[in-house]
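File shown here: start_11.pdb, holding PDB, C-alpha atoms.
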```
ATOM      1  CA  MET A  14       3.609 -50.401 -22.554  1.00  0.00           C
ATOM      2  CA  THR A  15       0.164 -49.034 -21.633  1.00  0.00           C
ATOM      3  CA  VAL A  16       1.270 -48.050 -18.129  1.00  0.00           C
ATOM      4  CA  ASN A  17       4.318 -46.286 -19.510  1.00  0.00           C
ATOM      5  CA  LEU A  18       2.200 -44.401 -22.056  1.00  0.00           C
ATOM      6  CA  ILE A  19      -0.242 -43.292 -19.354  1.00  0.00           C
ATOM      7  CA  ARG A  20       2.648 -42.124 -17.172  1.00  0.00           C
ATOM      8  CA  LYS A  21       4.126 -40.053 -20.000  1.00  0.00           C
ATOM      9  CA  THR A  22       0.715 -38.568 -20.834  1.00  0.00           C
ATOM     10  CA  ILE A  23       0.130 -37.508 -17.232  1.00  0.00           C
ATOM     11  CA  THR A  24       3.588 -35.928 -17.076  1.00  0.00           C
ATOM     12  CA  ALA A  25       3.014 -33.992 -20.305  1.00  0.00           C
ATOM     13  CA  LEU A  26      -0.361 -32.751 -19.077  1.00  0.00           C
ATOM     14  CA  LYS A  27       1.145 -31.545 -15.818  1.00  0.00           C
ATOM     15  CA  GLN A  28       3.974 -29.762 -17.613  1.00  0.00           C
ATOM     16  CA  GLY A  29       1.615 -28.083 -20.053  1.00  0.00           C
ATOM     17  CA  ASP A  30       3.157 -29.373 -23.289  1.00  0.00           C
ATOM     18  CA  PHE A  31       0.863 -32.292 -24.078  1.00  0.00           C
ATOM     19  CA  LEU A  32      -0.417 -30.978 -27.411  1.00  0.00           C
ATOM     20  CA  GLU A  33       3.090 -30.012 -28.513  1.00  0.00           C
ATOM     21  CA  LYS A  34       4.395 -33.519 -27.806  1.00  0.00           C
ATOM     22  CA  VAL A  35       1.468 -35.159 -29.628  1.00  0.00           C
ATOM     23  CA  TRP A  36       2.145 -32.962 -32.663  1.00  0.00           C
ATOM     24  CA  LEU A  37       5.855 -33.790 -32.695  1.00  0.00           C
ATOM     25  CA  VAL A  38       5.094 -37.517 -32.432  1.00  0.00           C
ATOM     26  CA  LEU A  39       2.715 -37.250 -35.388  1.00  0.00           C
ATOM     27  CA  MET A  40       5.310 -35.349 -37.369  1.00  0.00           C
ATOM     28  CA  ASP A  41       7.907 -37.987 -36.549  1.00  0.00           C
ATOM     29  CA  LYS A  42       5.808 -41.113 -37.069  1.00  0.00           C
ATOM     30  CA  THR A  43       3.631 -40.109 -40.022  1.00  0.00           C
ATOM     31  CA  GLY A  44       5.876 -39.541 -42.989  1.00  0.00           C
ATOM     32  CA  ASP A  45       3.165 -38.207 -45.303  1.00  0.00           C
ATOM     33  CA  LEU A  46       1.972 -35.710 -42.697  1.00  0.00           C
ATOM     34  CA  LYS A  47       5.524 -34.597 -42.069  1.00  0.00           C
ATOM     35  CA  ASN A  48       6.267 -34.056 -45.745  1.00  0.00           C
ATOM     36  CA  LYS A  49       2.967 -32.274 -46.308  1.00  0.00           C
ATOM     37  CA  PHE A  50       3.359 -29.739 -43.539  1.00  0.00           C
ATOM     38  CA  LYS A  51       7.069 -29.318 -42.882  1.00  0.00           C
ATOM     39  CA  ASN A  52       7.578 -26.527 -45.422  1.00  0.00           C
ATOM     40  CA  LYS A  53       4.468 -24.681 -44.292  1.00  0.00           C
ATOM     41  CA  PHE A  54       5.005 -24.843 -40.535  1.00  0.00           C
ATOM     42  CA  PHE A  55       8.646 -25.749 -40.023  1.00  0.00           C
ATOM     43  CA  LYS A  56      10.721 -23.789 -42.507  1.00  0.00           C
ATOM     44  CA  PHE A  57      13.351 -23.546 -39.822  1.00  0.00           C
ATOM     45  CA  ASN A  58      13.364 -24.258 -36.101  1.00  0.00           C
ATOM     46  CA  GLY A  59      12.499 -21.134 -34.117  1.00  0.00           C
ATOM     47  CA  ASP A  60      10.520 -19.545 -36.938  1.00  0.00           C
ATOM     48  CA  TRP A  61       7.174 -20.686 -35.569  1.00  0.00           C
ATOM     49  CA  TYR A  62       7.312 -18.915 -32.192  1.00  0.00           C
ATOM     50  CA  HIS A  63       4.969 -16.063 -32.957  1.00  0.00           C
ATOM     51  CA  GLY A  64       1.766 -14.614 -31.519  1.00  0.00           C
ATOM     52  CA  LYS A  65       0.115 -16.768 -28.863  1.00  0.00           C
ATOM     53  CA  THR A  66       2.881 -19.383 -29.077  1.00  0.00           C
ATOM     54  CA  ALA A  67       5.467 -16.762 -28.114  1.00  0.00           C
ATOM     55  CA  LYS A  68       3.303 -15.261 -25.373  1.00  0.00           C
ATOM     56  CA  GLU A  69       2.729 -18.646 -23.727  1.00  0.00           C
ATOM     57  CA  TYR A  70       6.215 -20.046 -24.322  1.00  0.00           C
ATOM     58  CA  GLU A  71       7.790 -19.457 -20.924  1.00  0.00           C
ATOM     59  CA  LEU A  72       4.560 -19.995 -18.993  1.00  0.00           C
ATOM     60  CA  THR A  73       4.387 -23.480 -20.484  1.00  0.00           C
ATOM     61  CA  ARG A  74       8.068 -24.390 -20.260  1.00  0.00           C
ATOM     62  CA  ILE A  75       8.569 -23.245 -16.677  1.00  0.00           C
ATOM     63  CA  LYS A  76       6.343 -26.151 -15.584  1.00  0.00           C
ATOM     64  CA  GLN A  77       8.823 -28.634 -16.987  1.00  0.00           C
ATOM     65  CA  ASP A  78      11.436 -30.225 -14.728  1.00  0.00           C
ATOM     66  CA  TRP A  79      13.758 -30.183 -17.733  1.00  0.00           C
ATOM     67  CA  TRP A  80      13.616 -26.361 -17.842  1.00  0.00           C
ATOM     68  CA  HIS A  81      14.965 -26.057 -14.292  1.00  0.00           C
ATOM     69  CA  GLU A  82      17.578 -28.764 -14.817  1.00  0.00           C
ATOM     70  CA  GLU A  83      18.886 -26.862 -17.835  1.00  0.00           C
ATOM     71  CA  ASN A  84      19.247 -23.750 -15.687  1.00  0.00           C
ATOM     72  CA  ARG A  85      21.136 -25.695 -13.023  1.00  0.00           C
ATOM     73  CA  ILE A  86      23.570 -27.235 -15.510  1.00  0.00           C
ATOM     74  CA  LEU A  87      24.258 -23.968 -17.309  1.00  0.00           C
ATOM     75  CA  ARG A  88      24.951 -22.224 -13.986  1.00  0.00           C
ATOM     76  CA  GLU A  89      27.432 -25.007 -13.167  1.00  0.00           C
ATOM     77  CA  PHE A  90      29.160 -24.728 -16.552  1.00  0.00           C
ATOM     78  CA  LEU A  91      29.411 -20.932 -16.408  1.00  0.00           C
ATOM     79  CA  LYS A  92      30.968 -21.048 -12.941  1.00  0.00           C
ATOM     80  CA  SER A  93      33.826 -23.091 -14.404  1.00  0.00           C
ATOM     81  CA  LEU A  94      34.622 -20.379 -16.967  1.00  0.00           C
ATOM     82  CA  PRO A  95      36.263 -16.980 -16.559  1.00  0.00           C
ATOM     83  CA  LYS A  96      34.013 -14.094 -15.566  1.00  0.00           C
ATOM     84  CA  LYS A  97      33.425 -10.981 -17.666  1.00  0.00           C
ATOM     85  CA  ILE A  98      33.552 -12.856 -20.963  1.00  0.00           C
ATOM     86  CA  SER A  99      31.283 -12.203 -23.939  1.00  0.00           C
ATOM     87  CA  VAL A 100      28.395 -14.538 -24.782  1.00  0.00           C
ATOM     88  CA  LEU A 101      26.086 -15.003 -27.746  1.00  0.00           C
ATOM     89  CA  ASP A 102      22.817 -16.615 -26.624  1.00  0.00           C
ATOM     90  CA  ILE A 103      20.998 -18.187 -29.567  1.00  0.00           C
ATOM     91  CA  PRO A 104      18.086 -18.609 -29.803  1.00  0.00           C
ATOM     92  CA  PHE A 105      17.672 -15.871 -27.219  1.00  0.00           C
ATOM     93  CA  GLY A 106      13.972 -16.578 -26.756  1.00  0.00           C
ATOM     94  CA  THR A 107      12.614 -14.931 -23.610  1.00  0.00           C
ATOM     95  CA  GLY A 108      16.086 -14.261 -22.226  1.00  0.00           C
ATOM     96  CA  ARG A 109      15.706 -16.927 -19.561  1.00  0.00           C
ATOM     97  CA  PHE A 110      19.455 -17.116 -18.850  1.00  0.00           C
ATOM     98  CA  LEU A 111      20.053 -13.394 -18.350  1.00  0.00           C
ATOM     99  CA  SER A 112      20.256 -13.678 -14.565  1.00  0.00           C
ATOM    100  CA  LEU A 113      22.971 -16.354 -14.924  1.00  0.00           C
ATOM    101  CA  TYR A 114      24.960 -14.182 -17.309  1.00  0.00           C
ATOM    102  CA  ASN A 115      24.557 -11.267 -14.920  1.00  0.00           C
ATOM    103  CA  GLU A 116      25.937 -13.381 -12.049  1.00  0.00           C
ATOM    104  CA  ASN A 117      29.064 -13.952 -14.119  1.00  0.00           C
ATOM    105  CA  LYS A 118      29.325 -10.312 -15.277  1.00  0.00           C
ATOM    106  CA  MET A 119      29.137 -11.370 -18.913  1.00  0.00           C
ATOM    107  CA  ASP A 120      28.794  -9.094 -21.933  1.00  0.00           C
ATOM    108  CA  VAL A 121      25.573 -10.422 -23.522  1.00  0.00           C
ATOM    109  CA  THR A 122      24.364 -10.497 -27.110  1.00  0.00           C
ATOM    110  CA  GLY A 123      21.179 -12.359 -27.955  1.00  0.00           C
ATOM    111  CA  LEU A 124      19.925 -13.430 -31.360  1.00  0.00           C
ATOM    112  CA  ASP A 125      16.515 -14.822 -32.281  1.00  0.00           C
ATOM    113  CA  ILE A 126      14.631 -15.285 -35.519  1.00  0.00           C
ATOM    114  CA  SER A 127      11.294 -14.327 -33.915  1.00  0.00           C
ATOM    115  CA  ARG A 128      10.448 -10.696 -33.201  1.00  0.00           C
ATOM    116  CA  ASP A 129       7.600 -11.824 -30.930  1.00  0.00           C
ATOM    117  CA  MET A 130       9.985 -13.818 -28.727  1.00  0.00           C
ATOM    118  CA  ILE A 131      12.234 -10.782 -28.399  1.00  0.00           C
ATOM    119  CA  LEU A 132       9.207  -8.691 -27.378  1.00  0.00           C
ATOM    120  CA  GLU A 133       8.391 -11.312 -24.722  1.00  0.00           C
ATOM    121  CA  ALA A 134      11.970 -11.069 -23.466  1.00  0.00           C
ATOM    122  CA  LYS A 135      11.564  -7.324 -23.097  1.00  0.00           C
ATOM    123  CA  ARG A 136       8.325  -7.830 -21.183  1.00  0.00           C
ATOM    124  CA  LEU A 137       9.649 -10.523 -18.850  1.00  0.00           C
ATOM    125  CA  ARG A 138      13.269  -9.535 -18.243  1.00  0.00           C
ATOM    126  CA  GLY A 139      12.896  -5.799 -17.683  1.00  0.00           C
ATOM    127  CA  ASP A 140      16.049  -3.953 -16.648  1.00  0.00           C
ATOM    128  CA  LEU A 141      18.295  -6.963 -17.281  1.00  0.00           C
ATOM    129  CA  LEU A 142      17.629  -6.580 -20.985  1.00  0.00           C
ATOM    130  CA  LYS A 143      18.943  -3.011 -20.990  1.00  0.00           C
ATOM    131  CA  LYS A 144      22.457  -4.366 -20.550  1.00  0.00           C
ATOM    132  CA  CYS A 145      22.235  -6.562 -23.664  1.00  0.00           C
ATOM    133  CA  LYS A 146      22.456  -6.216 -27.408  1.00  0.00           C
ATOM    134  CA  ILE A 147      19.580  -8.064 -29.091  1.00  0.00           C
ATOM    135  CA  ASP A 148      19.530  -8.899 -32.808  1.00  0.00           C
ATOM    136  CA  MET A 149      17.172 -10.681 -35.178  1.00  0.00           C
ATOM    137  CA  GLY A 150      18.718 -13.237 -37.466  1.00  0.00           C
ATOM    138  CA  ASP A 151      19.122 -16.786 -38.733  1.00  0.00           C
ATOM    139  CA  ALA A 152      21.486 -19.188 -36.954  1.00  0.00           C
ATOM    140  CA  ARG A 153      22.558 -20.666 -40.286  1.00  0.00           C
ATOM    141  CA  ASN A 154      24.074 -17.343 -41.319  1.00  0.00           C
ATOM    142  CA  LEU A 155      25.129 -15.387 -38.257  1.00  0.00           C
ATOM    143  CA  PRO A 156      25.636 -11.643 -38.812  1.00  0.00           C
ATOM    144  CA  TYR A 157      28.920 -11.498 -36.886  1.00  0.00           C
ATOM    145  CA  PRO A 158      32.616 -11.639 -37.845  1.00  0.00           C
ATOM    146  CA  ASP A 159      34.803 -14.633 -37.030  1.00  0.00           C
ATOM    147  CA  ASN A 160      35.779 -15.017 -33.352  1.00  0.00           C
ATOM    148  CA  SER A 161      33.277 -12.394 -32.153  1.00  0.00           C
ATOM    149  CA  PHE A 162      32.330 -14.007 -28.814  1.00  0.00           C
ATOM    150  CA  ASP A 163      34.124 -15.920 -26.098  1.00  0.00           C
ATOM    151  CA  ILE A 164      31.240 -18.382 -25.834  1.00  0.00           C
ATOM    152  CA  ILE A 165      28.084 -19.403 -27.706  1.00  0.00           C
ATOM    153  CA  VAL A 166      25.162 -20.784 -25.675  1.00  0.00           C
ATOM    154  CA  CYS A 167      22.417 -22.744 -27.443  1.00  0.00           C
ATOM    155  CA  PHE A 168      19.500 -24.485 -25.685  1.00  0.00           C
ATOM    156  CA  ARG A 169      16.171 -25.846 -26.971  1.00  0.00           C
ATOM    157  CA  PHE A 170      17.070 -25.373 -30.585  1.00  0.00           C
ATOM    158  CA  PHE A 171      17.972 -28.673 -32.225  1.00  0.00           C
ATOM    159  CA  GLY A 172      14.887 -30.467 -30.885  1.00  0.00           C
ATOM    160  CA  GLY A 173      11.943 -31.433 -33.035  1.00  0.00           C
ATOM    161  CA  HIS A 174      12.628 -30.492 -36.623  1.00  0.00           C
ATOM    162  CA  VAL A 175      16.101 -29.093 -37.358  1.00  0.00           C
ATOM    163  CA  THR A 176      17.425 -31.241 -40.178  1.00  0.00           C
ATOM    164  CA  PHE A 177      20.916 -32.704 -40.230  1.00  0.00           C
ATOM    165  CA  GLN A 178      21.758 -30.351 -43.111  1.00  0.00           C
ATOM    166  CA  ASP A 179      20.712 -27.256 -41.159  1.00  0.00           C
ATOM    167  CA  ALA A 180      22.285 -28.517 -37.936  1.00  0.00           C
ATOM    168  CA  LYS A 181      25.660 -28.744 -39.666  1.00  0.00           C
ATOM    169  CA  LYS A 182      25.319 -25.186 -40.932  1.00  0.00           C
ATOM    170  CA  VAL A 183      24.442 -23.922 -37.468  1.00  0.00           C
ATOM    171  CA  ILE A 184      27.236 -25.753 -35.643  1.00  0.00           C
ATOM    172  CA  SER A 185      29.702 -24.527 -38.277  1.00  0.00           C
ATOM    173  CA  GLU A 186      28.541 -20.950 -37.652  1.00  0.00           C
ATOM    174  CA  PHE A 187      28.856 -21.413 -33.874  1.00  0.00           C
ATOM    175  CA  SER A 188      32.436 -22.559 -34.321  1.00  0.00           C
ATOM    176  CA  ARG A 189      33.196 -19.670 -36.660  1.00  0.00           C
ATOM    177  CA  VAL A 190      31.988 -16.837 -34.405  1.00  0.00           C
ATOM    178  CA  SER A 191      33.258 -18.374 -31.143  1.00  0.00           C
ATOM    179  CA  ARG A 192      36.711 -17.531 -29.833  1.00  0.00           C
ATOM    180  CA  LYS A 193      36.848 -20.260 -27.201  1.00  0.00           C
ATOM    181  CA  TYR A 194      33.707 -22.154 -26.095  1.00  0.00           C
ATOM    182  CA  VAL A 195      30.335 -23.475 -27.259  1.00  0.00           C
ATOM    183  CA  ILE A 196      27.620 -24.808 -24.950  1.00  0.00           C
ATOM    184  CA  LEU A 197      24.830 -26.612 -26.753  1.00  0.00           C
ATOM    185  CA  GLU A 198      22.057 -29.069 -26.061  1.00  0.00           C
ATOM    186  CA  LEU A 199      21.505 -32.204 -28.145  1.00  0.00           C
ATOM    187  CA  SER A 200      19.889 -35.566 -27.630  1.00  0.00           C
ATOM    188  CA  ALA A 201      21.656 -38.896 -28.013  1.00  0.00           C
ATOM    189  CA  VAL A 202      21.037 -42.617 -27.544  1.00  0.00           C
ATOM    190  CA  SER A 203      23.171 -45.501 -26.362  1.00  0.00           C
ATOM    191  CA  GLU A 204      25.500 -47.232 -28.818  1.00  0.00           C
ATOM    192  CA  GLU A 205      23.255 -50.308 -29.058  1.00  0.00           C
ATOM    193  CA  ASP A 206      20.191 -48.203 -29.863  1.00  0.00           C
ATOM    194  CA  SER A 207      21.879 -46.129 -32.533  1.00  0.00           C
ATOM    195  CA  GLY A 208      20.244 -46.388 -35.952  1.00  0.00           C
ATOM    196  CA  PHE A 209      22.415 -44.021 -37.976  1.00  0.00           C
ATOM    197  CA  ASN A 210      25.964 -42.801 -38.271  1.00  0.00           C
ATOM    198  CA  LEU A 211      27.252 -39.565 -39.731  1.00  0.00           C
ATOM    199  CA  GLN A 212      27.914 -41.240 -43.078  1.00  0.00           C
ATOM    200  CA  ASN A 213      24.402 -42.589 -43.671  1.00  0.00           C
ATOM    201  CA  LEU A 214      22.233 -39.960 -41.950  1.00  0.00           C
ATOM    202  CA  PRO A 215      19.872 -38.351 -44.525  1.00  0.00           C
ATOM    203  CA  GLU A 216      20.333 -34.607 -44.914  1.00  0.00           C
ATOM    204  CA  ASP A 217      16.599 -33.986 -44.332  1.00  0.00           C
ATOM    205  CA  GLN A 218      16.450 -36.192 -41.208  1.00  0.00           C
ATOM    206  CA  PRO A 219      15.651 -34.229 -38.000  1.00  0.00           C
ATOM    207  CA  ILE A 220      18.883 -34.469 -36.056  1.00  0.00           C
ATOM    208  CA  ASP A 221      17.255 -35.153 -32.675  1.00  0.00           C
ATOM    209  CA  LYS A 222      15.251 -38.046 -34.188  1.00  0.00           C
ATOM    210  CA  SER A 223      18.263 -39.537 -35.908  1.00  0.00           C
ATOM    211  CA  ASN A 224      19.316 -41.912 -33.118  1.00  0.00           C
ATOM    212  CA  LEU A 225      22.929 -40.876 -33.448  1.00  0.00           C
ATOM    213  CA  SER A 226      24.932 -42.326 -30.596  1.00  0.00           C
ATOM    214  CA  GLU A 227      26.966 -40.308 -28.119  1.00  0.00           C
ATOM    215  CA  LYS A 228      30.125 -41.252 -30.007  1.00  0.00           C
ATOM    216  CA  GLU A 229      28.665 -39.969 -33.279  1.00  0.00           C
ATOM    217  CA  ARG A 230      27.615 -36.678 -31.653  1.00  0.00           C
ATOM    218  CA  ILE A 231      31.138 -36.093 -30.398  1.00  0.00           C
ATOM    219  CA  GLU A 232      32.514 -36.870 -33.865  1.00  0.00           C
ATOM    220  CA  LEU A 233      30.072 -34.354 -35.331  1.00  0.00           C
ATOM    221  CA  PHE A 234      31.382 -31.610 -33.039  1.00  0.00           C
ATOM    222  CA  LYS A 235      34.968 -32.590 -33.774  1.00  0.00           C
ATOM    223  CA  GLY A 236      34.309 -32.196 -37.499  1.00  0.00           C
ATOM    224  CA  PHE A 237      33.634 -28.525 -36.834  1.00  0.00           C
ATOM    225  CA  GLY A 238      36.655 -28.002 -34.616  1.00  0.00           C
ATOM    226  CA  LEU A 239      34.926 -28.479 -31.245  1.00  0.00           C
ATOM    227  CA  ARG A 240      36.178 -30.768 -28.467  1.00  0.00           C
ATOM    228  CA  VAL A 241      33.803 -31.829 -25.698  1.00  0.00           C
ATOM    229  CA  LEU A 242      35.167 -30.834 -22.277  1.00  0.00           C
ATOM    230  CA  VAL A 243      32.169 -31.732 -20.101  1.00  0.00           C
ATOM    231  CA  LYS A 244      28.720 -33.177 -20.704  1.00  0.00           C
ATOM    232  CA  LYS A 245      25.706 -33.416 -18.414  1.00  0.00           C
ATOM    233  CA  THR A 246      22.396 -35.198 -18.912  1.00  0.00           C
ATOM    234  CA  ALA A 247      19.485 -32.827 -18.446  1.00  0.00           C
ATOM    235  CA  TYR A 248      16.592 -35.190 -19.100  1.00  0.00           C
ATOM    236  CA  SER A 249      16.984 -38.968 -19.014  1.00  0.00           C
ATOM    237  CA  ASN A 250      13.445 -40.241 -18.420  1.00  0.00           C
ATOM    238  CA  GLU A 251      12.968 -40.961 -22.108  1.00  0.00           C
ATOM    239  CA  LYS A 252      15.091 -41.890 -25.104  1.00  0.00           C
ATOM    240  CA  PRO A 253      16.926 -40.188 -26.653  1.00  0.00           C
ATOM    241  CA  PHE A 254      18.674 -38.668 -23.644  1.00  0.00           C
ATOM    242  CA  VAL A 255      18.980 -34.883 -23.670  1.00  0.00           C
ATOM    243  CA  THR A 256      22.573 -33.889 -23.037  1.00  0.00           C
ATOM    244  CA  ILE A 257      24.250 -30.512 -22.599  1.00  0.00           C
ATOM    245  CA  TYR A 258      27.812 -30.223 -23.902  1.00  0.00           C
ATOM    246  CA  LEU A 259      30.507 -27.735 -22.975  1.00  0.00           C
ATOM    247  CA  CYS A 260      32.879 -27.680 -25.929  1.00  0.00           C
ATOM    248  CA  GLU A 261      36.178 -25.948 -26.538  1.00  0.00           C
ATOM    249  CA  LYS A 262      37.220 -24.626 -29.917  1.00  0.00           C
ATOM    250  CA  LEU A 263      40.311 -26.588 -30.928  1.00  0.00           C
ATOM    251  CA  ASP A 264      42.165 -23.781 -32.690  1.00  0.00           C
ATOM    252  CA  SER A 265      41.773 -21.510 -29.643  1.00  0.00           C
ATOM    253  CA  GLN A 266      44.386 -23.430 -27.670  1.00  0.00           C
TER
END
```
This entry written out as structure tokens:
Amino acid sequence: MTVNLIRKTITALKQGDFLEKVWLVLMDKTGDLKNKFKNKFFKFNGDWYHGKTAKEYELTRIKQDWWHEENRILREFLKSLPKKISVLDIPFGTGRFLSLYNENKMDVTGLDISRDMILEAKRLRGDLLKKCKIDMGDARNLPYPDNSFDIIVCFRFFGGHVTFQDAKKVISEFSRVSRKYVILELSAVSEEDSGFNLQNLPEDQPIDKSNLSEKERIELFKGFGLRVLVKKTAYSNEKPFVTIYLCEKLDSQ
């Protein structure tokens, strides 16, 4: 146990997200602390990336092996899809996937709740951003008509503190505005480690801390009209495993 803890600490220090991980552990393990601060700091996932946090976001994340594995998997998924399709990237963040979209000649729209993250995208991505439409908005209520985009791409969003209630709203919105595909990242555990199912999961439970099994995750997507075509594990050194899903909208067939 001690050796494993030391190993994880060293890894977090190297990747530059040690303090963030400590905070998330405290929020997860200390119920009183979580309830005291969640409304102040975590009104909704993505709405705390401002100021210094936004400026240092990519500099910190680029040190993580997980960051590069996500890029590799998304490139693989996009290659399997038609070129010149439209994509909504949410949360858009620093526009890290723009080069991949450009490779596939995609028509790009990005949406983020943080103005500071969008400003960082403009600083970091340069000319690539000129080809995109960037909006500010809330993933729970997307400002687009039904079937607006061929594909929705969502990474690093459901981790940490998106509740089950909000996650359902977001996935429902993804299904609504997508014509064909949704790519999203969620964590899952093995069947034997699962502590909840969709029927008994509290609405205010963070979805990535819920210990929903892989089977339950797939059922969740299916409830919103999404069928998993392919899944890839992006980060398996810890539980729950972080998995990226390529889903197809059922009524698009």
Original post:
Residues at most 10 Å from Leu263 of chain A, counting all atoms listed in the file, excluding those fewer than 3 positions away in the same chain, as a count of residues only?
Top reply: 12
Original post:
Could you work out how far atom CA of Glu261 of chain A lies from atom CA of Lys245 of chain A, giving the answer in Å with one decimal?
Top reply: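 These two atoms are separated by 15.2 Å.
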Subject >> Contact residues around segment 171-182 of chain A with only C-alpha atoms at 6 Å, ignoring same-chain residues under 4 positions, as a ChimeraX atom specification >> reply: /A:58,153,216-221
Selected residues written out with C-alpha atoms, as a compact mmCIF listing (two decimals), keeping the file's coordinate frame:
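What ended up in selection.txt:
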```
# COMPACT_ATOMS: atom_id res chain seq x y z
CA ASN A 58 13.36 -24.26 -36.10
CA ARG A 153 22.56 -20.67 -40.29
CA GLU A 216 20.33 -34.61 -44.91
CA ASP A 217 16.60 -33.99 -44.33
CA GLN A 218 16.45 -36.19 -41.21
CA PRO A 219 15.65 -34.23 -38.00
CA ILE A 220 18.88 -34.47 -36.06
CA ASP A 221 17.26 -35.15 -32.67
```
Subject >> Separation of atom CA of Leu259 of chain A from atom CA of Asn115 of chain A, in Å and rounded to one decimal >> reply: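 Between atom CA of Leu259 of chain A and atom CA of Asn115 of chain A the gap works out to 19.3 Å.
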Original post:
Applied to this file, what does the PyMOL selection byres ((chain A and resi 160) around 7) return in terms of residues, put as a ChimeraX atom specification?
Top reply: /A:158-159,161-162,189-192
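For the atom pair formed by atom CA of Ile196 of chain A and atom CA of Ile165 of chain A, the distance is 6.1 Å, given to one decimal.
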Original post:
Pick from A:Leu111, A:Val100, A:Met130, A:Trp80: nearest to Thr66 of chain A, with all atoms listed in the file counted?
Top reply: A:Met130
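Among the candidates A:Phe168, A:Phe187, A:Phe234, A:Tyr248, the residue lying nearest to Asn154 of chain A is A:Phe187 (atoms considered: only C-alpha atoms).
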**OP:** Can you turn the PyMOL selection byres ((chain A and resi 67) around 12) into a concrete residue list for this file, as an MDAnalysis selection string?
**Re:** chainID A and resid 59:66 68:74 106:107 125:134 136:137
Original post:
Using only C-alpha atoms, which of the listed residues (A:Val166, A:Val121, A:Leu211, A:Ile184) sits closest to Ala152 of chain A?
Top reply: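 Closest residue, counting only C-alpha atoms: A:Ile184.
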